[in-house]
Amino acid sequence: MANRTKTARRQNVEAAIAYPIDWIEERSGLIGGLRYFLFRNVPRDSSWFHTLGSATLTAFLVQLVTGVILAMYYKPDPDKAYESIRHITDDITLGWLVRGMHRWGASVFIILLFLHAARVFLFGAYKYPRELNWIVGVLLLALGMFEGFTGYLLPWDQTSYWATVVGININGTAPFLGPFLASLLRGGAEIGPDTLARFYSIHMLLLPGAIIGLITLHLYLIIRLGVTSPPWSKEAAGGDRPEPEPTARAGLTRPGPRRGIAR
Amino acid sequence: MGFAVGIVCILVGLIVSWPAVAVGAALTLVFGFLWIRDVTSGYRTIPQAEPDGVEPPEPAPGIPAHRGPPAMPETPPAEAARYPRSKFLEGATLGIGAAIGVVVTVPAVGFAVVPAFVDQGNPDIDLGPIDNFPQGQWVITHFNLRPEEGEVARRVVYIRYNGLADNEPSFTIISNRCAHLGCPVQPGGLIQSDKTKDQKASGGQEIQLTPVIGLSSFTCPCHGGSYDSEGNRTAGPPVRALDRWTYKIKNGNLVLITNFSVSSVEGTGANAVINKYQLTGPGQWVDGPEQILYPWQPPS
């Protein structure tokens, strides 16, 4: 099959597909960048454990998409929030599904965050030169859990209201500045009509923006530094460690294809 | 540093008082001026003239235009070193960019943060005639702290009329906010829901009164904090007694004024000695060694 000469029709189709891609590549270099990102080399013995990060990213993207759609129907007003959630769940076509994806996907996201962090910790993948990426990851974990906290209030039922009361008051028991932190979260001395809108804004604008920015940095560092071999690896990373060079690329298992270093 | 103190002073002053804002503004202006003078000093000083005997380096030949002399007059090198155009543009871009950033950021952040710390005050809550509260009888009282805010401002207090003390009616008014983490404590007694009275007080306040027989304790459903009928902690995680409300009698009506925190209560009823403290968030100690952890409370 592969050796058969292409028919004229097939050539036309391929040219039609290639033309817009070439057009974009010629003007932006984006296609090459995407290929560089997707088809970079990884250690020979990387395993399914290394997919937890991508899985977490996928869970976040699911939250992003379903959250945007839910925002089309949700009303962050104390008098209407509960009713709008009921409307989404019971009345709107497939609303139950999208809300369910967002609600259960939130737990999946948090669980995957922890599994991914555990993998990085147990594989020692936080060590030089990847410390900064670990720090960024810890920030992402904190922001992800803050997403969970702010999102929990939005259904505005008894469970979410009292859970938020307790959660804010736990923050309030932090020494010295705790009471001020609690007031900042509530937007006042007590939970009032502004608190729900405040949590909604933090949940769907402030935190996702911060998380997207940090994920970009996280991925940039992954691409720059490469993936670690597992600790049991017999590859270079598991053997004698080369002297750290002044360049940032010392001690890596994988030199980048663009500026490869002979090993 | 002083600049930052000034900014903080302005923001704090917005909450506390206008004189503090003025002080903060003055600090900000003075230190801002000093800061700018300090930062720009490198640009403004004129280097000393070259010592005699050293020939100034030959000016590099200008890049020739295709024909004729260069279109721009060439700057003498000494002047160029003293005040290079690129340095000025760099400084101007950074400076103006920072100024625009501050002008945009300070009001936005202030708008997001400051309203959370504005003292809202408590309106007086008229709970209707004191005849609503028979002597020695606990009454679950629902009211709305700020009716314009809707259901979210609904509050519950437990009220007991203790009879006359010094010819003044005495009430025990206990907040239902658990001193552990703020869940609603429930009365341990027979709640007579069928005797619930819905009332409209003179201020338009909608009151709901439910009597309780044989109330002996308050218990929190969240983490099991328990209190006796004076609000003293008897078991569980709470760090102090239940909050209470101050009250006054106005035209024969019971009026709630404001709530406060209580470390413990000695005695009962009209003779109770209440150890009063400023209203403090749940879970925070008001007495004992742990109170040093919570030296400041935001305005409420």
# chains A, B, ... in the order shown; residues from 1 in each chain; ligands from 1
$ closest_atom_pairs --of "chain B" --to "chain A" --cutoff "8 Å" --atoms "only C-alpha atoms" --output "tab-separated table"
residue	atom	partner	partner_atom	distance
B:Val113	CA	A:Leu184	CA	6.6
B:Pro115	CA	A:Gly187	CA	6.8
B:Ala116	CA	A:Gly188	CA	4.1
B:Phe117	CA	A:Gly188	CA	6.0
B:Val118	CA	A:Gly188	CA	7.3
B:Glu149	CA	A:Pro193	CA	6.3
B:Gly150	CA	A:Asp79	CA	7.6
B:Glu151	CA	A:Asp79	CA	7.7
B:Val152	CA	A:Gly192	CA	6.0
B:Ala153	CA	A:Gly192	CA	6.5
B:Leu181	CA	A:Val166	CA	5.2
B:Gly182	CA	A:Val166	CA	6.2
B:Cys183	CA	A:Trp162	CA	6.6
B:Gly281	CA	A:Pro179	CA	6.7
B:Pro282	CA	A:Asn169	CA	6.3
B:Gly283	CA	A:Thr173	CA	5.8
B:Gln284	CA	A:Thr173	CA	5.7
B:Leu293	CA	A:Pro175	CA	4.8
B:Tyr294	CA	A:Phe176	CA	5.0
B:Pro295	CA	A:Phe176	CA	6.3
B:Trp296	CA	A:Phe176	CA	6.8
B:Gln297	CA	A:Pro179	CA	6.1
B:Pro298	CA	A:Phe180	CA	5.8
B:Pro299	CA	A:Ala189	CA	7.2
B:Ser300	CA	A:Ala189	CA	4.8
$ residues_around --residues "region 151-154 of chain A" --least-positions-apart "3" --cutoff "7 Å" --atoms "only C-alpha atoms" --output "PyMOL selection string"
chain A and resi 147-148+160-161+164+196+200+203
$ residues_around --residues "Val273 (chain B)" --least-positions-apart "5" --cutoff "12 Å" --atoms "only C-alpha atoms" --output "MDAnalysis selection string"
chainID B and resid 172 230 232 262:268
$ write_last_selection --atoms "C-alpha atoms" --output "PDB file, in the first residue's frame"
ATOM      1  CA  THR B 172     -30.513  36.464  78.689  1.00  0.00           C
ATOM      2  CA  GLU B 230     -26.001  29.967  80.264  1.00  0.00           C
ATOM      3  CA  ASN B 232     -20.806  28.026  79.160  1.00  0.00           C
ATOM      4  CA  VAL B 262     -18.027  35.913  76.341  1.00  0.00           C
ATOM      5  CA  SER B 263     -15.275  33.859  77.950  1.00  0.00           C
ATOM      6  CA  SER B 264     -17.495  32.392  80.663  1.00  0.00           C
ATOM      7  CA  VAL B 265     -20.562  33.153  82.757  1.00  0.00           C
ATOM      8  CA  GLU B 266     -20.780  32.775  86.548  1.00  0.00           C
ATOM      9  CA  GLY B 267     -24.212  32.443  88.107  1.00  0.00           C
ATOM     10  CA  THR B 268     -27.472  32.276  86.236  1.00  0.00           C
TER      11      THR B 268
END
$ residues_around --residues "Leu209 (chain B)" --least-positions-apart "5" --cutoff "6 Å" --atoms "only C-alpha atoms" --output "PDB file with C-alpha atoms, in the first residue's frame"
ATOM      1  CA  ILE B 140     -36.017  30.729  69.733  1.00  0.00           C
ATOM      2  CA  THR B 141     -36.107  34.077  67.971  1.00  0.00           C
ATOM      3  CA  THR B 196     -44.519  29.341  66.678  1.00  0.00           C
ATOM      4  CA  LYS B 197     -45.618  32.953  66.368  1.00  0.00           C
TER       5      LYS B 197
END
$ select_by_dssp --residues "region 105-180 of chain A" --states "helix (DSSP H, G or I)" --output "count of residues only"
59
$ atom_distance --atom1 "CA of Gly163 (chain B)" --atom2 "CA of Ser216 (chain B)"
18.8 Å
